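Chemist: What follows is target21.json; its format and atoms are JSON, C-alpha atoms.
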```
[["chain", "number", "residue", "atom", "x", "y", "z"],
["E", 247, "MET", "CA", -16.52, -23.38, 41.34],
["E", 248, "ARG", "CA", -18.55, -22.96, 38.16],
["E", 249, "GLU", "CA", -17.00, -22.48, 34.75],
["E", 250, "ASN", "CA", -16.66, -18.71, 34.97],
["E", 251, "GLY", "CA", -15.43, -18.53, 38.55],
["E", 252, "PRO", "CA", -16.99, -16.82, 41.58],
["E", 253, "VAL", "CA", -17.52, -13.10, 42.04],
["E", 254, "THR", "CA", -17.84, -12.02, 45.64],
["E", 255, "SER", "CA", -18.06, -8.24, 45.38],
["E", 256, "ALA", "CA", -21.12, -6.35, 46.60],
["E", 257, "THR", "CA", -24.25, -6.37, 44.48],
["E", 258, "THR", "CA", -24.59, -3.84, 41.70],
["E", 259, "GLU", "CA", -27.95, -2.09, 41.37],
["E", 260, "PRO", "CA", -29.54, -1.75, 37.94],
["E", 261, "GLU", "CA", -29.60, 1.74, 36.53],
["E", 262, "THR", "CA", -33.04, 1.67, 34.93],
["E", 263, "SER", "CA", -36.25, 3.62, 35.42],
["E", 264, "ALA", "CA", -37.94, 0.37, 36.40],
["E", 265, "ALA", "CA", -35.85, 0.36, 39.57],
["E", 266, "ALA", "CA", -38.22, 2.99, 40.95],
["E", 267, "LEU", "CA", -41.30, 0.75, 40.50],
["E", 268, "PRO", "CA", -42.30, -1.52, 43.38],
["E", 269, "PRO", "CA", -41.78, -5.13, 42.29],
["E", 270, "ARG", "CA", -44.83, -7.36, 42.02],
["E", 271, "LEU", "CA", -43.14, -10.54, 40.83],
["E", 272, "ILE", "CA", -39.76, -12.22, 41.29],
["E", 273, "ALA", "CA", -38.70, -14.67, 38.57],
["E", 274, "THR", "CA", -35.73, -16.83, 39.47],
["E", 275, "ASP", "CA", -33.82, -19.60, 37.77],
["E", 276, "LEU", "CA", -32.90, -22.57, 39.98],
["E", 277, "ASP", "CA", -29.61, -24.33, 39.18],
["E", 278, "GLY", "CA", -26.65, -22.01, 39.59],
["E", 279, "THR", "CA", -28.99, -19.24, 40.76],
["E", 280, "LEU", "CA", -31.42, -19.95, 43.60],
["E", 281, "LEU", "CA", -29.93, -23.35, 44.43],
["E", 282, "ARG", "CA", -26.47, -23.78, 45.86],
["E", 283, "ASP", "CA", -24.09, -26.06, 44.00],
["E", 284, "ASP", "CA", -25.17, -28.99, 46.21],
["E", 285, "LYS", "CA", -28.75, -28.45, 44.86],
["E", 286, "THR", "CA", -30.13, -27.27, 48.20],
["E", 287, "VAL", "CA", -32.10, -24.16, 49.08],
["E", 288, "SER", "CA", -30.30, -22.43, 51.95],
["E", 289, "PRO", "CA", -32.21, -21.43, 55.12],
["E", 290, "ARG", "CA", -31.51, -17.77, 54.27],
["E", 291, "THR", "CA", -33.08, -18.20, 50.83],
["E", 292, "VAL", "CA", -36.09, -20.07, 52.24],
["E", 293, "ALA", "CA", -36.69, -17.16, 54.62],
["E", 294, "ALA", "CA", -36.27, -14.59, 51.83],
["E", 295, "LEU", "CA", -38.78, -16.35, 49.58],
["E", 296, "ALA", "CA", -41.33, -16.46, 52.40],
["E", 297, "ALA", "CA", -40.72, -12.78, 53.19],
["E", 298, "ALA", "CA", -41.31, -11.82, 49.56],
["E", 299, "GLU", "CA", -44.64, -13.63, 49.44],
["E", 300, "GLU", "CA", -45.61, -12.11, 52.81],
["E", 301, "ALA", "CA", -44.86, -8.68, 51.35],
["E", 302, "GLY", "CA", -47.17, -9.35, 48.40],
["E", 303, "ILE", "CA", -44.44, -10.12, 45.83],
["E", 304, "ALA", "CA", -45.22, -13.29, 43.88],
["E", 305, "VAL", "CA", -42.32, -15.68, 43.26],
["E", 306, "PHE", "CA", -42.07, -17.77, 40.09],
["E", 307, "PHE", "CA", -39.44, -20.48, 39.70],
["E", 308, "VAL", "CA", -38.40, -20.35, 36.03],
["E", 309, "THR", "CA", -36.15, -23.24, 35.11],
["E", 310, "GLY", "CA", -34.94, -25.58, 32.39],
["E", 311, "ARG", "CA", -35.76, -28.51, 34.67],
["E", 312, "PRO", "CA", -38.68, -30.84, 33.87],
["E", 313, "ALA", "CA", -41.63, -30.88, 36.25],
["E", 314, "ARG", "CA", -40.55, -34.16, 37.83],
["E", 315, "TRP", "CA", -37.32, -32.54, 39.03],
["E", 316, "MET", "CA", -39.12, -29.80, 40.95],
["E", 317, "ASP", "CA", -39.25, -31.60, 44.29],
["E", 318, "VAL", "CA", -36.25, -29.58, 45.43],
["E", 319, "VAL", "CA", -38.45, -26.45, 45.64],
["E", 320, "SER", "CA", -41.94, -27.92, 46.05],
["E", 321, "ASP", "CA", -41.83, -27.20, 49.77],
["E", 322, "HIS", "CA", -41.04, -23.55, 49.15],
["E", 323, "VAL", "CA", -43.90, -22.51, 46.87],
["E", 324, "HIS", "CA", -46.39, -20.05, 48.25],
["E", 325, "GLY", "CA", -49.58, -18.48, 46.95],
["E", 326, "HIS", "CA", -50.11, -19.40, 43.31],
["E", 327, "GLY", "CA", -47.79, -22.44, 43.46],
["E", 328, "LEU", "CA", -46.84, -22.21, 39.80],
["E", 329, "ALA", "CA", -43.47, -22.81, 38.17],
["E", 330, "ILE", "CA", -42.27, -22.42, 34.60],
["E", 331, "CYS", "CA", -40.38, -25.56, 33.54],
["E", 332, "GLY", "CA", -38.53, -26.79, 30.47],
["E", 333, "ASN", "CA", -37.27, -23.30, 29.53],
["E", 334, "GLY", "CA", -40.83, -22.08, 29.09],
["E", 335, "ALA", "CA", -42.32, -25.22, 27.54],
["E", 336, "ALA", "CA", -44.63, -25.85, 30.52],
["E", 337, "VAL", "CA", -46.32, -24.06, 33.39],
["E", 338, "VAL", "CA", -46.78, -26.47, 36.29],
["E", 339, "ASP", "CA", -48.81, -26.31, 39.50],
["E", 340, "LEU", "CA", -46.57, -27.57, 42.31],
["E", 341, "HIS", "CA", -49.22, -27.47, 45.04],
["E", 342, "GLY", "CA", -49.84, -31.21, 44.94],
["E", 343, "GLY", "CA", -46.30, -32.06, 45.93],
["E", 344, "PRO", "CA", -43.97, -34.73, 44.51],
["E", 345, "GLY", "CA", -45.54, -36.93, 41.86],
["E", 346, "THR", "CA", -48.77, -34.94, 41.56],
["E", 347, "HIS", "CA", -47.68, -31.93, 39.53],
["E", 348, "ARG", "CA", -50.41, -30.62, 37.23],
["E", 349, "PHE", "CA", -49.62, -29.11, 33.83],
["E", 350, "VAL", "CA", -51.40, -25.77, 33.54],
["E", 351, "LYS", "CA", -49.95, -24.79, 30.16],
["E", 352, "VAL", "CA", -47.91, -26.74, 27.60],
["E", 353, "ARG", "CA", -46.04, -25.10, 24.70],
["E", 354, "GLU", "CA", -44.87, -28.15, 22.82],
["E", 355, "LEU", "CA", -42.26, -28.64, 20.14],
["E", 356, "ALA", "CA", -43.98, -30.00, 17.03],
["E", 357, "ARG", "CA", -42.52, -33.37, 16.07],
["E", 358, "GLU", "CA", -42.00, -32.18, 12.49],
["E", 359, "ASN", "CA", -39.87, -29.31, 13.75],
["E", 360, "ALA", "CA", -38.01, -31.59, 16.11],
["E", 361, "LEU", "CA", -37.20, -34.07, 13.35],
["E", 362, "ASP", "CA", -36.00, -31.28, 11.06],
["E", 363, "ALA", "CA", -33.83, -29.85, 13.85],
["E", 364, "VAL", "CA", -32.30, -33.29, 14.52],
["E", 365, "ARG", "CA", -31.51, -33.75, 10.83],
["E", 366, "LEU", "CA", -30.03, -30.28, 10.34],
["E", 367, "LEU", "CA", -27.89, -30.46, 13.45],
["E", 368, "ARG", "CA", -26.62, -33.95, 12.57],
["E", 369, "GLN", "CA", -25.44, -32.49, 9.26],
["E", 370, "ALA", "CA", -23.86, -29.40, 10.85],
["E", 371, "ALA", "CA", -22.24, -31.22, 13.79],
["E", 372, "PRO", "CA", -21.61, -34.93, 13.10],
["E", 373, "GLY", "CA", -21.44, -36.91, 16.31],
["E", 374, "THR", "CA", -24.37, -35.11, 17.97],
["E", 375, "VAL", "CA", -26.57, -37.43, 20.05],
["E", 376, "TYR", "CA", -30.08, -36.75, 21.32],
["E", 377, "ALA", "CA", -32.61, -37.19, 24.09],
["E", 378, "VAL", "CA", -36.29, -36.30, 24.02],
["E", 379, "GLU", "CA", -37.99, -34.62, 26.98],
["E", 380, "GLN", "CA", -41.77, -35.01, 27.13],
["E", 381, "THR", "CA", -44.40, -34.01, 29.67],
["E", 382, "TYR", "CA", -44.00, -37.22, 31.66],
["E", 383, "GLY", "CA", -41.37, -39.26, 29.86],
["E", 384, "PHE", "CA", -37.68, -39.11, 29.00],
["E", 385, "ASN", "CA", -36.22, -41.04, 26.08],
["E", 386, "GLN", "CA", -32.77, -41.06, 24.52],
["E", 387, "GLU", "CA", -30.47, -42.48, 21.90],
["E", 388, "PRO", "CA", -28.21, -45.34, 23.03],
["E", 389, "ALA", "CA", -25.06, -43.19, 22.66],
["E", 390, "TYR", "CA", -26.45, -40.30, 24.69],
["E", 391, "PRO", "CA", -24.36, -40.07, 27.90],
["E", 392, "LYS", "CA", -25.73, -40.46, 31.41],
["E", 393, "LEU", "CA", -26.16, -36.76, 32.16],
["E", 394, "HIS", "CA", -29.43, -36.83, 34.05],
["E", 395, "MET", "CA", -30.91, -38.13, 37.27],
["E", 396, "GLU", "CA", -33.05, -40.88, 35.78],
["E", 397, "VAL", "CA", -33.17, -43.98, 33.60],
["E", 398, "PRO", "CA", -34.70, -43.33, 30.15],
["E", 399, "ASP", "CA", -38.02, -44.93, 29.29],
["E", 400, "THR", "CA", -36.87, -45.89, 25.78],
["E", 401, "LEU", "CA", -33.55, -46.24, 23.97],
["E", 402, "ALA", "CA", -33.76, -45.68, 20.21],
["E", 403, "PRO", "CA", -32.57, -43.30, 17.48],
["E", 404, "ALA", "CA", -34.10, -39.83, 17.75],
["E", 405, "GLU", "CA", -35.94, -40.31, 14.47],
["E", 406, "GLU", "CA", -37.77, -43.28, 16.01],
["E", 407, "LEU", "CA", -38.39, -41.54, 19.32],
["E", 408, "LEU", "CA", -40.03, -38.66, 17.46],
["E", 409, "GLY", "CA", -41.85, -40.82, 14.92],
["E", 410, "PRO", "CA", -45.59, -41.53, 14.73],
["E", 411, "ASP", "CA", -45.13, -45.10, 15.96],
["E", 412, "ALA", "CA", -43.10, -44.24, 19.06],
["E", 413, "PRO", "CA", -44.52, -45.61, 22.36],
["E", 414, "SER", "CA", -44.92, -42.05, 23.62],
["E", 415, "ALA", "CA", -46.23, -40.54, 20.36],
["E", 416, "HIS", "CA", -49.38, -39.38, 22.18],
["E", 417, "GLU", "CA", -47.37, -37.28, 24.62],
["E", 418, "PRO", "CA", -46.27, -33.68, 23.87],
["E", 419, "VAL", "CA", -42.57, -33.07, 23.25],
["E", 420, "LEU", "CA", -41.31, -30.24, 25.46],
["E", 421, "LYS", "CA", -37.75, -30.12, 24.16],
["E", 422, "ILE", "CA", -35.00, -32.19, 22.63],
["E", 423, "LEU", "CA", -31.53, -32.34, 24.13],
["E", 424, "ALA", "CA", -28.50, -32.39, 21.85],
["E", 425, "TYR", "CA", -25.09, -33.38, 23.17],
["E", 426, "HIS", "CA", -21.73, -33.23, 21.43],
["E", 427, "PRO", "CA", -18.70, -34.97, 22.98],
["E", 428, "THR", "CA", -15.97, -32.62, 21.73],
["E", 429, "LEU", "CA", -17.29, -29.22, 20.68],
["E", 430, "ASP", "CA", -16.92, -26.11, 22.82],
["E", 431, "PRO", "CA", -20.32, -25.39, 24.44],
["E", 432, "ASP", "CA", -20.68, -21.83, 23.15],
["E", 433, "ALA", "CA", -19.40, -22.78, 19.70],
["E", 434, "PHE", "CA", -21.93, -25.63, 19.58],
["E", 435, "LEU", "CA", -24.72, -23.22, 20.56],
["E", 436, "GLY", "CA", -23.81, -20.75, 17.83],
["E", 437, "LEU", "CA", -23.51, -23.48, 15.22],
["E", 438, "ALA", "CA", -26.86, -25.00, 16.19],
["E", 439, "ARG", "CA", -28.69, -21.69, 16.06],
["E", 440, "LEU", "CA", -27.43, -21.11, 12.53],
["E", 441, "ALA", "CA", -28.31, -24.65, 11.44],
["E", 442, "VAL", "CA", -31.79, -24.78, 13.00],
["E", 443, "GLY", "CA", -32.85, -21.22, 12.26],
["E", 444, "ASP", "CA", -36.45, -20.37, 13.14],
["E", 445, "LEU", "CA", -37.59, -24.01, 13.27],
["E", 446, "ALA", "CA", -36.96, -24.04, 17.03],
["E", 447, "THR", "CA", -35.43, -22.13, 19.93],
["E", 448, "VAL", "CA", -31.92, -23.32, 20.85],
["E", 449, "THR", "CA", -30.23, -22.48, 24.14],
["E", 450, "ARG", "CA", -28.07, -24.06, 26.84],
["E", 451, "SER", "CA", -27.79, -24.17, 30.63],
["E", 452, "SER", "CA", -25.09, -26.79, 31.15],
["E", 453, "PRO", "CA", -21.32, -26.24, 31.36],
["E", 454, "SER", "CA", -20.97, -29.10, 28.86],
["E", 455, "ALA", "CA", -21.85, -29.06, 25.15],
["E", 456, "LEU", "CA", -25.50, -29.87, 25.87],
["E", 457, "LEU", "CA", -28.14, -27.87, 24.02],
["E", 458, "GLU", "CA", -31.85, -27.56, 24.78],
["E", 459, "ILE", "CA", -34.14, -27.18, 21.77],
["E", 460, "SER", "CA", -37.73, -25.97, 22.25],
["E", 461, "GLY", "CA", -40.57, -24.79, 20.04],
["E", 462, "PRO", "CA", -40.25, -21.57, 18.01],
["E", 463, "ASP", "CA", -40.51, -18.50, 20.24],
["E", 464, "VAL", "CA", -40.65, -20.67, 23.38],
["E", 465, "SER", "CA", -38.37, -19.31, 26.08],
["E", 466, "LYS", "CA", -38.39, -18.50, 29.75],
["E", 467, "ALA", "CA", -39.15, -14.89, 28.80],
["E", 468, "SER", "CA", -42.09, -15.55, 26.48],
["E", 469, "THR", "CA", -43.86, -17.88, 28.91],
["E", 470, "LEU", "CA", -43.17, -15.59, 31.84],
["E", 471, "ALA", "CA", -44.64, -12.72, 29.82],
["E", 472, "LEU", "CA", -47.82, -14.77, 29.26],
["E", 473, "CYS", "CA", -48.10, -15.54, 32.99],
["E", 474, "CYS", "CA", -47.57, -11.89, 33.89],
["E", 475, "ALA", "CA", -50.13, -10.68, 31.34],
["E", 476, "GLU", "CA", -52.72, -13.02, 32.90],
["E", 477, "ARG", "CA", -52.09, -11.27, 36.23],
["E", 478, "GLY", "CA", -51.93, -7.71, 34.96],
["E", 479, "ILE", "CA", -48.23, -7.43, 35.78],
["E", 480, "SER", "CA", -46.00, -5.39, 33.47],
["E", 481, "HIS", "CA", -42.42, -6.31, 32.71],
["E", 482, "GLU", "CA", -41.30, -3.21, 34.61],
["E", 483, "GLU", "CA", -42.71, -4.79, 37.78],
["E", 484, "VAL", "CA", -40.67, -7.99, 37.40],
["E", 485, "VAL", "CA", -37.29, -8.70, 39.01],
["E", 486, "ALA", "CA", -35.42, -11.63, 37.44],
["E", 487, "PHE", "CA", -32.34, -13.69, 38.35],
["E", 488, "GLY", "CA", -30.21, -16.04, 36.26],
["E", 489, "ASP", "CA", -26.78, -17.40, 35.44],
["E", 490, "MET", "CA", -26.72, -19.13, 32.03],
["E", 491, "PRO", "CA", -27.61, -18.42, 28.37],
["E", 492, "ASN", "CA", -31.12, -19.84, 28.75],
["E", 493, "ASP", "CA", -31.79, -16.93, 31.13],
["E", 494, "VAL", "CA", -30.69, -14.15, 28.78],
["E", 495, "GLU", "CA", -34.11, -13.40, 27.22],
["E", 496, "MET", "CA", -35.80, -13.33, 30.63],
["E", 497, "LEU", "CA", -33.21, -11.00, 32.11],
["E", 498, "THR", "CA", -33.49, -8.70, 29.11],
["E", 499, "TRP", "CA", -37.30, -8.65, 29.32],
["E", 500, "ALA", "CA", -37.62, -7.96, 33.06],
["E", 501, "GLY", "CA", -37.64, -4.42, 34.36],
["E", 502, "ARG", "CA", -34.89, -5.27, 36.80],
["E", 503, "SER", "CA", -32.57, -8.24, 36.43],
["E", 504, "TYR", "CA", -29.55, -9.65, 38.21],
["E", 505, "ALA", "CA", -26.76, -11.85, 36.92],
["E", 506, "MET", "CA", -25.31, -14.11, 39.57],
["E", 507, "GLY", "CA", -21.69, -13.70, 40.57],
["E", 508, "ASN", "CA", -21.02, -17.06, 38.89],
["E", 509, "ALA", "CA", -22.88, -16.13, 35.69],
["E", 510, "HIS", "CA", -21.91, -16.71, 32.07],
["E", 511, "PRO", "CA", -20.53, -13.54, 30.38],
["E", 512, "ASP", "CA", -23.60, -13.29, 28.11],
["E", 513, "VAL", "CA", -25.82, -13.20, 31.19],
["E", 514, "VAL", "CA", -23.75, -10.47, 32.80],
["E", 515, "ALA", "CA", -24.08, -8.42, 29.61],
["E", 516, "ALA", "CA", -27.87, -8.95, 29.47],
["E", 517, "ALA", "CA", -28.71, -8.16, 33.10],
["E", 518, "SER", "CA", -29.25, -4.67, 34.45],
["E", 519, "GLY", "CA", -27.57, -5.51, 37.76],
["E", 520, "ARG", "CA", -25.40, -8.09, 39.45],
["E", 521, "THR", "CA", -25.49, -9.97, 42.72],
["E", 522, "VAL", "CA", -23.12, -12.37, 44.46],
["E", 523, "ALA", "CA", -22.80, -16.05, 43.57],
["E", 524, "ASN", "CA", -25.43, -18.72, 44.16],
["E", 525, "ASN", "CA", -23.34, -20.29, 46.95],
["E", 526, "ASP", "CA", -23.39, -16.89, 48.69],
["E", 527, "ASP", "CA", -27.20, -16.63, 48.52],
["E", 528, "GLY", "CA", -27.17, -13.92, 45.84],
["E", 529, "VAL", "CA", -30.93, -14.12, 45.22],
["E", 530, "ALA", "CA", -31.70, -13.79, 48.93],
["E", 531, "VAL", "CA", -29.39, -10.77, 49.22],
["E", 532, "VAL", "CA", -31.47, -8.87, 46.67],
["E", 533, "ILE", "CA", -34.86, -10.09, 47.89],
["E", 534, "GLU", "CA", -34.06, -8.98, 51.43],
["E", 535, "ARG", "CA", -33.33, -5.49, 50.12],
["E", 536, "LEU", "CA", -36.48, -5.41, 47.99],
["E", 537, "VAL", "CA", -38.63, -6.41, 50.94],
["E", 538, "ALA", "CA", -36.95, -3.83, 53.19],
["E", 539, "GLU", "CA", -37.62, -1.13, 50.60],
["E", 540, "ARG", "CA", -41.35, -1.90, 50.71],
["E", 541, "GLY", "CA", -41.32, -1.10, 54.39]]
```
Translate this structure into structure tokens?
Modeler:
Amino acid sequence: MRENGPVTSATTEPETSAAALPPRLIATDLDGTLLRDDKTVSPRTVAALAAAEEAGIAVFFVTGRPARWMDVVSDHVHGHGLAICGNGAAVVDLHGGPGTHRFVKVRELARENALDAVRLLRQAAPGTVYAVEQTYGFNQEPAYPKLHMEVPDTLAPAEELLGPDAPSAHEPVLKILAYHPTLDPDAFLGLARLAVGDLATVTRSSPSALLEISGPDVSKASTLALCCAERGISHEEVVAFGDMPNDVEMLTWAGRSYAMGNAHPDVVAAASGRTVANNDDGVAVVIERLVAERG
């Protein structure tokens, strides 16, 4: 069970004018949304994704995950093969399969902004520890807990990791991760947004007090909007799914949007509709209906 508990009632349709427009693109988060809690894609969801593409509806995976964690869905991309990773910091071509992902677009966090954000948040929330997510590398402070699925490339203070002499100084920074051992997650998010201001975009997708800090105006929504504009797709023709605060902007932007049954209250408030929980294949439930409506 996720932090807000499951909701197993029937899906709620959005009451918007966009609901009358045939969808051209489905944008779905992964963890807590498309993926079940065991990080698998259910057979029902695999079939629904394939049916959407067969019906001419493009599917974009839009996630906070880095590109190297996309193997879980690499076998399920169709058509364009693109995914939006790092909360909008990168657009990645998944066609090559594991280990051969190609970066199509990178919206980096300037190191000056990152250093200022680290300093301001250290002042506002003493005890905060950091990790640095880059296009290909992952580095962290020694006190940063083992929260991820990999061993860091470098252990050093954030100021050194982001400095001009860092081993990975040539590599774009996609986001910094800020963890606090005792603060409430939502309280930490609110505090960080006040402290950092417009230097960076601050959000969260973890049930713990772990924040994700990206470049100014970089979000799932803003990068998805760029990808849609390149394809002549309006926001009214997009159907989006999500469960955590890093999905809020995307769900607000899309013409139709669904909060998962296990979603954070802010996500429920932002979405125009609701579906059942990720473990009950809530994304597939809606996609099946969308495909049926197209005849």
Chemist: What's the 6 Å shell around E:Val375, counting only C-alpha atoms, without same-chain residues fewer than 2 positions away, as a ChimeraX atom specification?
Modeler: /E:390,424-425
Chemist: Could you name the residues that touch E:Val529 at 8 Å or less, counting all atoms listed in the file, but leaving out those on the same chain fewer than 4 positions away, as a CSV table (one decimal) with C-alpha atoms, in the frame of the given file?
Modeler:
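Everything below was put into result16.csv:
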```
chain,number,residue,atom,x,y,z
E,274,THR,CA,-35.7,-16.8,39.5
E,279,THR,CA,-29.0,-19.2,40.8
E,280,LEU,CA,-31.4,-20.0,43.6
E,291,THR,CA,-33.1,-18.2,50.8
E,487,PHE,CA,-32.3,-13.7,38.4
E,506,MET,CA,-25.3,-14.1,39.6
E,521,THR,CA,-25.5,-10.0,42.7
E,524,ASN,CA,-25.4,-18.7,44.2
E,533,ILE,CA,-34.9,-10.1,47.9
```
Chemist: Pick from E:Leu340, E:Val419, E:Val319, E:Val532: nearest to E:Ser460, with only C-alpha atoms counted?
Modeler: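 Of the candidates, the smallest distance to E:Ser460 is held by E:Val419.
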Chemist: Under the rule that all atoms listed in the file are counted, which of E:Gly302, E:Pro398, E:Pro391, E:Gly383 is the nearest residue to E:Pro418?
Modeler: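 Counting all atoms listed in the file, the residue closest to E:Pro418 is E:Gly383.
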Chemist: One decimal, in Å: what's the spacing between atom CA of E:Val308 and atom CA of E:Thr498?
Modeler: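 The value is 14.4 Å.
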Chemist: Would you be able to write out as number ranges by chain which residues have an atom within 12 Å of (-30.1, -19.4, 43.3) in the file's coordinates, counting all atoms listed in the file?
Modeler: E: 273-288, 290-292, 294-295, 307-309, 319, 486-490, 504-509, 521-533
Chemist: Name the closest residue to E:Glu405 among the candidates E:Leu423, E:Leu470, E:Leu435, E:Ala360; distances are taken between atoms, counting all atoms listed in the file.
Modeler: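 The answer is E:Ala360, which sits nearest to E:Glu405.
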Chemist: Between E:Gly409, E:Gly501, E:Gly443, E:Pro511, which is the closest to E:Leu267 once you count only C-alpha atoms?
Modeler: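 Of E:Gly409, E:Gly501, E:Gly443, E:Pro511, the one nearest E:Leu267, counting only C-alpha atoms, is E:Gly501.
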Chemist: Report, in Å to a single decimal, how far apart atom CA of E:Thr400 and atom CA of E:Ala415 are.
Modeler: 12.1 Å
Chemist: List as an MDAnalysis selection string the residues having at least one atom at most 9 Å from position (-25.8, -25.5, 32.2) as given in the file, counting all atoms listed in the file.
Modeler: chainID E and resid 277:278 450:457 489:492
Chemist: Any idea what the distance is between atom CA of E:Ser518 and atom CA of E:Ala297?
Modeler: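 We find that atom CA of E:Ser518 and atom CA of E:Ala297 lie 23.4 Å from each other.
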Chemist: List as a PDB file with C-alpha atoms, in the frame of the given file the protein and nucleic acid residues near E:Ile272, meaning an atom at most 6 Å away when all atoms listed in the file are counted, but skip any in the same chain fewer than 4 places from it.
Modeler:
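In the end it all went to part.pdb:
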```pdb
ATOM      1  CA  VAL E 305     -42.320 -15.680  43.260  1.00  0.00           C
ATOM      2  CA  VAL E 484     -40.670  -7.990  37.400  1.00  0.00           C
ATOM      3  CA  VAL E 485     -37.290  -8.700  39.010  1.00  0.00           C
ATOM      4  CA  ALA E 486     -35.420 -11.630  37.440  1.00  0.00           C
TER       5      ALA E 486
END
```
Chemist: Find the residues around E:Glu417 up to 10 Å (only C-alpha atoms counted), leave out those fewer than 4 positions away in its own chain, and share them as a list in words.
Modeler: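 The contact residues come out as Glu354, Gln380, Thr381, Tyr382, Gly383, Ala412 and Pro413 of chain E.
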Chemist: Suppose we keep C-alpha atoms; can you now write the selection as a PDB file, keeping the file's coordinate frame?
Modeler:
```pdb
ATOM      1  CA  GLU E 354     -44.870 -28.150  22.820  1.00  0.00           C
ATOM      2  CA  GLN E 380     -41.770 -35.010  27.130  1.00  0.00           C
ATOM      3  CA  THR E 381     -44.400 -34.010  29.670  1.00  0.00           C
ATOM      4  CA  TYR E 382     -44.000 -37.220  31.660  1.00  0.00           C
ATOM      5  CA  GLY E 383     -41.370 -39.260  29.860  1.00  0.00           C
ATOM      6  CA  ALA E 412     -43.100 -44.240  19.060  1.00  0.00           C
ATOM      7  CA  PRO E 413     -44.520 -45.610  22.360  1.00  0.00           C
TER       8      PRO E 413
END
```
Chemist: Using all atoms listed in the file, find the one residue out of E:Pro403, E:Ile330, E:Thr428, E:Ala296 that sits nearest to E:Ala471.
Modeler: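 The answer is E:Ile330, which sits nearest to E:Ala471.
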Chemist: With only C-alpha atoms as the basis for distance, which of E:Ala301, E:Ala356, E:Leu497, E:Ala441 is at the shortest distance from E:His416?
Modeler: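 Result for the nearest residue to E:His416: E:Ala356.
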Chemist: I want to know what sits within 10 Å of E:Thr469, based on all atoms listed in the file, with residues of the same chain fewer than 5 positions away left out; could you give that as a list in words?
Modeler: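 Here the qualifying residues turn out to be Val308, Ile330, Cys331, Asn333, Gly334, Ala335, Ala336, Val337, Lys351, Val352, Arg353, Asp463, Val464, Cys474, Ala475 and Met496 of chain E.
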Chemist: Could you pull stretch 440-450 of chain E out of the block above and give me N, CA, C and O atoms, as an mmCIF file, in the first residue's frame?
Modeler:
```cif
data_model
loop_
_atom_site.group_PDB
_atom_site.id
_atom_site.type_symbol
_atom_site.label_atom_id
_atom_site.label_comp_id
_atom_site.auth_asym_id
_atom_site.auth_seq_id
_atom_site.Cartn_x
_atom_site.Cartn_y
_atom_site.Cartn_z
ATOM 1 N N LEU E 440 10.227 27.707 -1.228
ATOM 2 C CA LEU E 440 10.397 29.075 -0.728
ATOM 3 C C LEU E 440 11.874 29.472 -0.719
ATOM 4 O O LEU E 440 12.235 30.597 -1.086
ATOM 5 N N ALA E 441 12.730 28.566 -0.297
ATOM 6 C CA ALA E 441 14.153 28.876 -0.187
ATOM 7 C C ALA E 441 14.813 29.057 -1.547
ATOM 8 O O ALA E 441 15.626 29.972 -1.741
ATOM 9 N N VAL E 442 14.463 28.203 -2.500
ATOM 10 C CA VAL E 442 15.131 28.192 -3.806
ATOM 11 C C VAL E 442 14.537 29.228 -4.755
ATOM 12 O O VAL E 442 15.233 29.788 -5.604
ATOM 13 N N GLY E 443 13.248 29.482 -4.630
ATOM 14 C CA GLY E 443 12.600 30.459 -5.490
ATOM 15 C C GLY E 443 12.656 30.068 -6.955
ATOM 16 O O GLY E 443 12.461 28.903 -7.305
ATOM 17 N N ASP E 444 12.956 31.053 -7.820
ATOM 18 C CA ASP E 444 12.954 30.785 -9.259
ATOM 19 C C ASP E 444 14.326 30.354 -9.791
ATOM 20 O O ASP E 444 14.529 30.294 -11.000
ATOM 21 N N LEU E 445 15.249 30.022 -8.904
ATOM 22 C CA LEU E 445 16.548 29.508 -9.339
ATOM 23 C C LEU E 445 16.424 28.127 -9.977
ATOM 24 O O LEU E 445 17.259 27.732 -10.797
ATOM 25 N N ALA E 446 15.406 27.372 -9.563
ATOM 26 C CA ALA E 446 15.251 25.997 -10.024
ATOM 27 C C ALA E 446 13.814 25.552 -9.781
ATOM 28 O O ALA E 446 13.044 26.218 -9.087
ATOM 29 N N THR E 447 13.463 24.420 -10.365
ATOM 30 C CA THR E 447 12.159 23.795 -10.153
ATOM 31 C C THR E 447 12.334 22.696 -9.110
ATOM 32 O O THR E 447 13.187 21.821 -9.263
ATOM 33 N N VAL E 448 11.521 22.731 -8.063
ATOM 34 C CA VAL E 448 11.627 21.748 -6.979
ATOM 35 C C VAL E 448 10.342 20.930 -6.918
ATOM 36 O O VAL E 448 9.234 21.486 -6.907
ATOM 37 N N THR E 449 10.476 19.620 -6.883
ATOM 38 C CA THR E 449 9.306 18.749 -6.789
ATOM 39 C C THR E 449 9.703 17.490 -6.019
ATOM 40 O O THR E 449 10.805 17.376 -5.501
ATOM 41 N N ARG E 450 8.783 16.528 -5.963
ATOM 42 C CA ARG E 450 9.108 15.250 -5.325
ATOM 43 C C ARG E 450 8.237 14.152 -5.903
ATOM 44 O O ARG E 450 7.114 14.390 -6.349
#
```
